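S.K.: What follows is target.txt, made up of compact mmCIF, C-alpha atoms:
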# COMPACT_ATOMS: atom_id res chain seq x y z
CA MET N 19 15.35 -22.92 19.31
CA ILE N 20 18.71 -22.30 17.61
CA MET N 21 17.31 -23.50 14.28
CA ARG N 22 14.36 -21.13 14.58
CA LEU N 23 16.71 -18.23 15.33
CA LEU N 24 18.87 -19.14 12.33
CA THR N 25 15.76 -19.36 10.15
CA ILE N 26 14.66 -15.88 11.22
CA LEU N 27 18.17 -14.46 10.78
CA SER N 28 18.44 -16.07 7.34
CA ALA N 29 15.04 -14.70 6.29
CA LEU N 30 15.97 -11.19 7.42
CA ALA N 31 19.30 -11.38 5.62
CA LEU N 32 17.65 -12.54 2.41
CA ILE N 33 15.06 -9.79 2.63
CA ALA N 34 17.96 -7.37 2.92
CA TYR N 35 19.72 -9.08 -0.02
CA PRO N 36 19.40 -6.15 -2.45
CA VAL N 37 20.73 -3.67 0.10
CA ALA N 38 23.54 -6.06 1.05
CA VAL N 39 24.53 -6.37 -2.60
CA TYR N 40 24.37 -2.60 -3.15
CA TYR N 41 26.41 -1.54 -0.14
CA GLY N 42 28.52 -4.65 0.26
CA ILE N 43 29.98 -4.74 -3.22
CA ASN N 44 31.06 -1.10 -3.05
CA ARG N 45 32.62 -1.49 0.42
CA TRP N 46 33.96 -5.05 0.67
CA GLY N 47 33.95 -6.44 -2.85
CA ILE N 48 32.15 -9.33 -4.43
CA VAL N 49 34.19 -12.12 -2.84
CA THR N 50 33.46 -10.99 0.73
CA VAL N 51 29.81 -10.24 0.04
CA GLY N 52 29.45 -13.50 -1.88
CA ALA N 53 30.92 -15.52 0.99
CA LEU N 54 28.60 -13.87 3.52
CA LEU N 55 25.55 -14.36 1.32
CA ALA N 56 26.54 -17.99 0.68
CA VAL N 57 26.44 -18.62 4.43
CA PHE N 58 22.89 -17.27 4.59
CA PHE N 59 21.87 -19.36 1.58
CA ILE N 60 23.28 -22.48 3.26
CA VAL N 61 21.30 -21.65 6.40
CA ARG N 62 18.22 -21.19 4.20
CA ILE N 63 18.69 -24.66 2.72
CA ILE N 64 19.15 -26.23 6.16
CA ALA N 65 16.24 -24.30 7.68
CA ALA N 66 13.88 -25.30 4.86
CA LYS N 67 13.31 -28.66 6.52
CA GLN N 68 11.39 -26.85 9.29
CA THR N 69 8.58 -25.90 6.90
CA GLN N 70 5.31 -27.84 7.10
CA LEU N 71 4.51 -27.77 3.38
CA LYS N 72 6.84 -29.77 1.14
CA GLU N 73 6.53 -27.21 -1.67
CA LEU N 74 7.91 -24.48 0.59
CA LYS N 75 10.79 -26.80 1.48
CA TYR N 76 11.57 -27.14 -2.22
CA ILE N 77 11.51 -23.37 -2.64
CA GLY N 78 13.94 -23.02 0.26
CA TRP N 79 16.28 -25.59 -1.24
CA LEU N 80 16.01 -24.29 -4.80
CA SER N 81 16.31 -20.60 -3.93
CA GLY N 82 19.22 -21.34 -1.59
CA GLY N 83 20.93 -23.41 -4.27
CA ALA N 84 20.34 -20.73 -6.89
CA GLY N 85 21.73 -18.09 -4.54
CA ILE N 86 24.87 -20.15 -3.86
CA THR N 87 25.31 -20.70 -7.59
CA LEU N 88 24.98 -16.99 -8.38
CA VAL N 89 27.36 -15.83 -5.64
CA THR N 90 29.89 -18.54 -6.55
CA LEU N 91 29.84 -17.61 -10.23
CA GLY N 92 29.87 -13.91 -9.37
CA ALA N 93 32.90 -14.33 -7.13
CA LEU N 94 34.74 -16.60 -9.61
CA PHE N 95 34.21 -14.26 -12.55
CA ARG N 96 34.31 -11.09 -10.43
CA GLN N 97 30.95 -10.06 -11.91
CA HIS N 98 28.50 -8.59 -9.43
CA GLY N 99 25.90 -8.44 -12.21
CA LEU N 100 25.16 -12.13 -11.72
CA LEU N 101 23.95 -11.40 -8.17
CA LEU N 102 21.25 -9.15 -9.56
CA TYR N 103 19.33 -12.08 -11.01
CA TYR N 104 18.45 -13.63 -7.65
CA PRO N 105 15.10 -11.76 -7.32
CA VAL N 106 14.21 -12.86 -10.85
CA ILE N 107 14.92 -16.49 -9.94
CA VAL N 108 12.90 -16.24 -6.72
CA ASN N 109 9.91 -14.80 -8.60
CA ALA N 110 10.18 -17.56 -11.21
CA LEU N 111 10.33 -20.22 -8.47
CA MET N 112 7.34 -18.73 -6.67
CA LEU N 113 5.40 -18.51 -9.94
CA GLY N 114 6.21 -22.15 -10.66
CA LEU N 115 5.14 -23.18 -7.17
CA PHE N 116 1.87 -21.24 -7.16
CA SER N 117 0.89 -21.97 -10.76
CA SER N 118 1.66 -25.69 -10.55
CA SER N 119 -0.64 -25.93 -7.54
CA LEU N 120 -3.52 -24.72 -9.72
CA TRP N 121 -3.32 -28.05 -11.57
CA GLN N 122 -3.66 -29.98 -8.32
CA GLN N 123 -6.75 -30.71 -6.29
CA GLN N 124 -5.77 -28.08 -3.72
CA SER N 125 -4.03 -24.83 -4.57
CA LEU N 126 -1.08 -23.76 -2.44
CA ILE N 127 -3.10 -21.00 -0.76
CA GLU N 128 -5.81 -23.55 0.07
CA ARG N 129 -3.24 -25.85 1.70
CA ILE N 130 -1.89 -22.94 3.73
CA ALA N 131 -5.44 -21.95 4.72
CA ARG N 132 -6.20 -25.53 5.77
CA LEU N 133 -3.33 -25.42 8.25
CA GLN N 134 -5.46 -22.97 10.25
CA GLU N 135 -8.92 -24.07 9.12
CA PRO N 136 -8.95 -27.78 8.18
CA ASP N 137 -12.68 -27.77 7.31
CA LEU N 138 -12.49 -25.03 4.71
CA PRO N 139 -15.93 -24.46 3.13
CA ALA N 140 -16.49 -24.62 -0.63
CA SER N 141 -16.56 -20.81 -0.83
CA GLY N 142 -13.13 -20.79 0.84
CA VAL N 143 -11.77 -23.31 -1.66
CA SER N 144 -12.95 -21.16 -4.57
CA TYR N 145 -11.60 -18.02 -2.92
CA THR N 146 -8.15 -19.51 -2.25
CA ARG N 147 -7.87 -20.66 -5.86
CA LYS N 148 -8.57 -17.12 -7.08
CA VAL N 149 -6.03 -15.71 -4.63
CA THR N 150 -3.46 -18.20 -5.94
CA GLN N 151 -4.16 -16.94 -9.48
CA ILE N 152 -3.71 -13.33 -8.35
CA TRP N 153 -0.34 -14.17 -6.80
CA CYS N 154 0.69 -15.84 -10.07
CA VAL N 155 -0.02 -12.60 -11.93
CA PHE N 156 1.93 -10.70 -9.27
CA PHE N 157 4.98 -12.97 -9.67
CA ILE N 158 4.88 -12.57 -13.47
CA ILE N 159 4.78 -8.78 -13.23
CA ASN N 160 7.23 -8.51 -10.34
CA GLY N 161 9.68 -10.96 -11.94
CA THR N 162 9.52 -9.10 -15.25
CA ILE N 163 10.25 -5.77 -13.57
CA ALA N 164 13.03 -7.39 -11.51
CA PHE N 165 14.58 -8.66 -14.76
CA ILE N 166 14.34 -5.24 -16.39
CA THR N 167 16.06 -3.64 -13.39
CA CYS N 168 18.99 -6.07 -13.87
CA LEU N 169 19.71 -4.16 -17.07
CA MET N 170 19.66 -0.79 -15.30
CA SER N 171 21.87 0.87 -12.73
CA LEU N 172 22.60 -0.85 -9.43
CA HIS N 173 20.83 2.03 -7.68
CA ILE N 174 17.55 1.43 -9.57
CA TRP N 175 17.87 -2.35 -9.11
CA THR N 176 18.30 -1.88 -5.35
CA LEU N 177 15.43 0.61 -5.10
CA TYR N 178 13.00 -1.71 -6.84
CA ASN N 179 14.11 -5.09 -5.50
CA GLY N 180 14.98 -3.89 -2.01
CA PHE N 181 12.06 -1.55 -1.43
CA ILE N 182 9.35 -1.14 -4.06
CA SER N 183 8.78 -4.86 -4.69
CA TYR N 184 8.38 -5.44 -0.93
CA ILE N 185 5.89 -2.59 -0.71
CA LEU N 186 3.92 -4.07 -3.63
CA ALA N 187 3.94 -7.60 -2.14
CA GLY N 188 3.00 -6.28 1.29
CA SER N 189 0.21 -4.18 -0.22
CA LEU N 190 -1.19 -7.17 -2.08
CA PHE N 191 -0.97 -9.32 1.05
CA GLY N 192 -2.60 -6.62 3.21
CA THR N 193 -5.34 -5.87 0.70
CA GLU N 194 -6.13 -9.56 0.36
CA TRP N 195 -6.26 -9.95 4.15
CA VAL N 196 -8.73 -7.05 4.51
CA PHE N 197 -10.83 -8.36 1.62
CA ARG N 198 -10.76 -11.89 3.12
CA GLN N 199 -12.17 -10.60 6.42
CA TRP N 200 -15.01 -8.89 4.57
CA TYR N 201 -15.56 -11.97 2.36
CA ARG N 202 -15.73 -14.31 5.37
CA ARG N 203 -18.28 -12.11 7.15
CA LYS N 204 -20.36 -11.86 3.98
CA ASN N 205 -20.34 -15.64 3.45
CA THR N 206 -20.99 -16.65 7.07
CA ASP N 207 -23.96 -14.35 7.71
Could you write out this file's structure as structure tokens?
M.R.:
Amino acid sequence: MIMRLLTILSALALIAYPVAVYYGINRWGIVTVGALLAVFFIVRIIAAKQTQLKELKYIGWLSGGAGITLVTLGALFRQHGLLLYYPVIVNALMLGLFSSSLWQQQSLIERIARLQEPDLPASGVSYTRKVTQIWCVFFIINGTIAFITCLMSLHIWTLYNGFISYILAGSLFGTEWVFRQWYRRKNTD
């Protein structure tokens, strides 16, 4: 129960990462913000073992490790600019995870789908592979924009990485969910 609560708290804190960087650096400085973020990254690494899919565990460990590295270097060199690259790293990790699964027998989306529907039909296998490809394109575009915002003002970086990118990801997820419902009805009738 405590681990689940820490996992949720860590996820919420990491979602708020861009806002925490934006407001925290101006109010408390990079050392304080870095220490607080490092705690959440450590919790992320510990909580990753709760995940059912090993690939998602690796993402938890790698993204947590990358976050700790960035905040440590940022605090040591007193450069908040290093913290801005975390969304770029996360997009690169997610792209690596999703794209590498396309070379395996089951794509990552298929494995996630099979957690709920173990006997996924052939049409579902094909569909999940295409959805995995779409997410790969999303991570390329989103990661590229996240990188470009690292070269802009902190305000623009925060706006994109703390708001717009979440709206885009949520829109893709929601659109795919609606389409999937239609696709399932079409292929089961």
S.K.: Given only C-alpha atoms as the basis, pick out the residue of N:Leu80, N:Arg147, N:Ile26, N:Pro136 nearest to Gln68 of chain N.
M.R.: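 Of all the options, N:Ile26 lies closest to Gln68 of chain N.
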S.K.: Write out as a compact mmCIF listing (two decimals) with C-alpha atoms, in the coordinates of the input each polymer residue whose atoms come within 12 Å of segment 153-166 of chain N, counting all atoms listed in the file; drop sequence neighbours fewer than 3 positions from it.
M.R.:
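The resulting file, out_1.txt, is reproduced below:
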# COMPACT_ATOMS: atom_id res chain seq x y z
CA PRO N 36 19.40 -6.15 -2.45
CA GLY N 99 25.90 -8.44 -12.21
CA LEU N 100 25.16 -12.13 -11.72
CA LEU N 101 23.95 -11.40 -8.17
CA LEU N 102 21.25 -9.15 -9.56
CA TYR N 103 19.33 -12.08 -11.01
CA TYR N 104 18.45 -13.63 -7.65
CA PRO N 105 15.10 -11.76 -7.32
CA VAL N 106 14.21 -12.86 -10.85
CA ILE N 107 14.92 -16.49 -9.94
CA VAL N 108 12.90 -16.24 -6.72
CA ASN N 109 9.91 -14.80 -8.60
CA ALA N 110 10.18 -17.56 -11.21
CA LEU N 111 10.33 -20.22 -8.47
CA MET N 112 7.34 -18.73 -6.67
CA LEU N 113 5.40 -18.51 -9.94
CA GLY N 114 6.21 -22.15 -10.66
CA LEU N 115 5.14 -23.18 -7.17
CA PHE N 116 1.87 -21.24 -7.16
CA SER N 117 0.89 -21.97 -10.76
CA SER N 118 1.66 -25.69 -10.55
CA SER N 119 -0.64 -25.93 -7.54
CA LEU N 120 -3.52 -24.72 -9.72
CA SER N 125 -4.03 -24.83 -4.57
CA LEU N 126 -1.08 -23.76 -2.44
CA ILE N 127 -3.10 -21.00 -0.76
CA THR N 146 -8.15 -19.51 -2.25
CA ARG N 147 -7.87 -20.66 -5.86
CA LYS N 148 -8.57 -17.12 -7.08
CA VAL N 149 -6.03 -15.71 -4.63
CA THR N 150 -3.46 -18.20 -5.94
CA LEU N 169 19.71 -4.16 -17.07
CA MET N 170 19.66 -0.79 -15.30
CA SER N 171 21.87 0.87 -12.73
CA LEU N 172 22.60 -0.85 -9.43
CA ILE N 174 17.55 1.43 -9.57
CA TRP N 175 17.87 -2.35 -9.11
CA THR N 176 18.30 -1.88 -5.35
CA LEU N 177 15.43 0.61 -5.10
CA TYR N 178 13.00 -1.71 -6.84
CA ASN N 179 14.11 -5.09 -5.50
CA GLY N 180 14.98 -3.89 -2.01
CA PHE N 181 12.06 -1.55 -1.43
CA ILE N 182 9.35 -1.14 -4.06
CA SER N 183 8.78 -4.86 -4.69
CA TYR N 184 8.38 -5.44 -0.93
CA ILE N 185 5.89 -2.59 -0.71
CA LEU N 186 3.92 -4.07 -3.63
CA ALA N 187 3.94 -7.60 -2.14
CA GLY N 188 3.00 -6.28 1.29
CA SER N 189 0.21 -4.18 -0.22
CA LEU N 190 -1.19 -7.17 -2.08
CA PHE N 191 -0.97 -9.32 1.05
CA GLU N 194 -6.13 -9.56 0.36
S.K.: Between atom CA of His98 of chain N and atom CA of Gly52 of chain N, what is the spacing in Å?
M.R.: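 Those two atoms sit 9.1 Å apart.
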S.K.: State, in Å with one decimal place, the distance from atom CA of Ala29 of chain N to atom CA of Phe58 of chain N.
M.R.: 8.4 Å
S.K.: In terms of the shortest atom-to-atom distance over all atoms listed in the file, which of N:Cys168, N:Ala93, N:Ala66, N:Val143 is closest to Ile43 of chain N?
M.R.: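 Of all the options, N:Ala93 lies closest to Ile43 of chain N.
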S.K.: Pick out the closest residue to Ala53 of chain N from this set: N:Ile86, N:Leu30, N:Ala65, N:Leu23. Count all atoms listed in the file.
M.R.: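 Closest to Ala53 of chain N, using all atoms listed in the file: N:Ile86.
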S.K.: Just want the 12 Å neighbourhood of Val57 of chain N, counted on all atoms listed in the file, with same-chain residues fewer than 6 positions away dropped. Output as a PDB file with C-alpha atoms, in the frame of the given file.
M.R.:
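Ended up saving to result.pdb:
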ATOM      1  CA  LEU N  24      18.870 -19.140  12.330  1.00  0.00           C
ATOM      2  CA  LEU N  27      18.170 -14.460  10.780  1.00  0.00           C
ATOM      3  CA  SER N  28      18.440 -16.070   7.340  1.00  0.00           C
ATOM      4  CA  ALA N  31      19.300 -11.380   5.620  1.00  0.00           C
ATOM      5  CA  LEU N  32      17.650 -12.540   2.410  1.00  0.00           C
ATOM      6  CA  THR N  50      33.460 -10.990   0.730  1.00  0.00           C
ATOM      7  CA  VAL N  51      29.810 -10.240   0.040  1.00  0.00           C
ATOM      8  CA  ILE N  63      18.690 -24.660   2.720  1.00  0.00           C
ATOM      9  CA  ILE N  64      19.150 -26.230   6.160  1.00  0.00           C
ATOM     10  CA  GLY N  82      19.220 -21.340  -1.590  1.00  0.00           C
ATOM     11  CA  GLY N  83      20.930 -23.410  -4.270  1.00  0.00           C
ATOM     12  CA  GLY N  85      21.730 -18.090  -4.540  1.00  0.00           C
ATOM     13  CA  ILE N  86      24.870 -20.150  -3.860  1.00  0.00           C
ATOM     14  CA  VAL N  89      27.360 -15.830  -5.640  1.00  0.00           C
ATOM     15  CA  THR N  90      29.890 -18.540  -6.550  1.00  0.00           C
TER      16      THR N  90
END
S.K.: Could you jot down the atom CA of Arg96 of chain N to atom CA of Gly47 of chain N separation for me, Å, one decimal place?
M.R.: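 We find that atom CA of Arg96 of chain N and atom CA of Gly47 of chain N lie 8.9 Å from each other.
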S.K.: For each of N:Gln70, N:Gln123, N:Thr87, N:Gln199, take the minimum atom-to-atom distance to Leu55 of chain N, counting all atoms listed in the file, then give the residue where this is smallest.
M.R.: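 Of the candidates, the smallest distance to Leu55 of chain N is held by N:Thr87.
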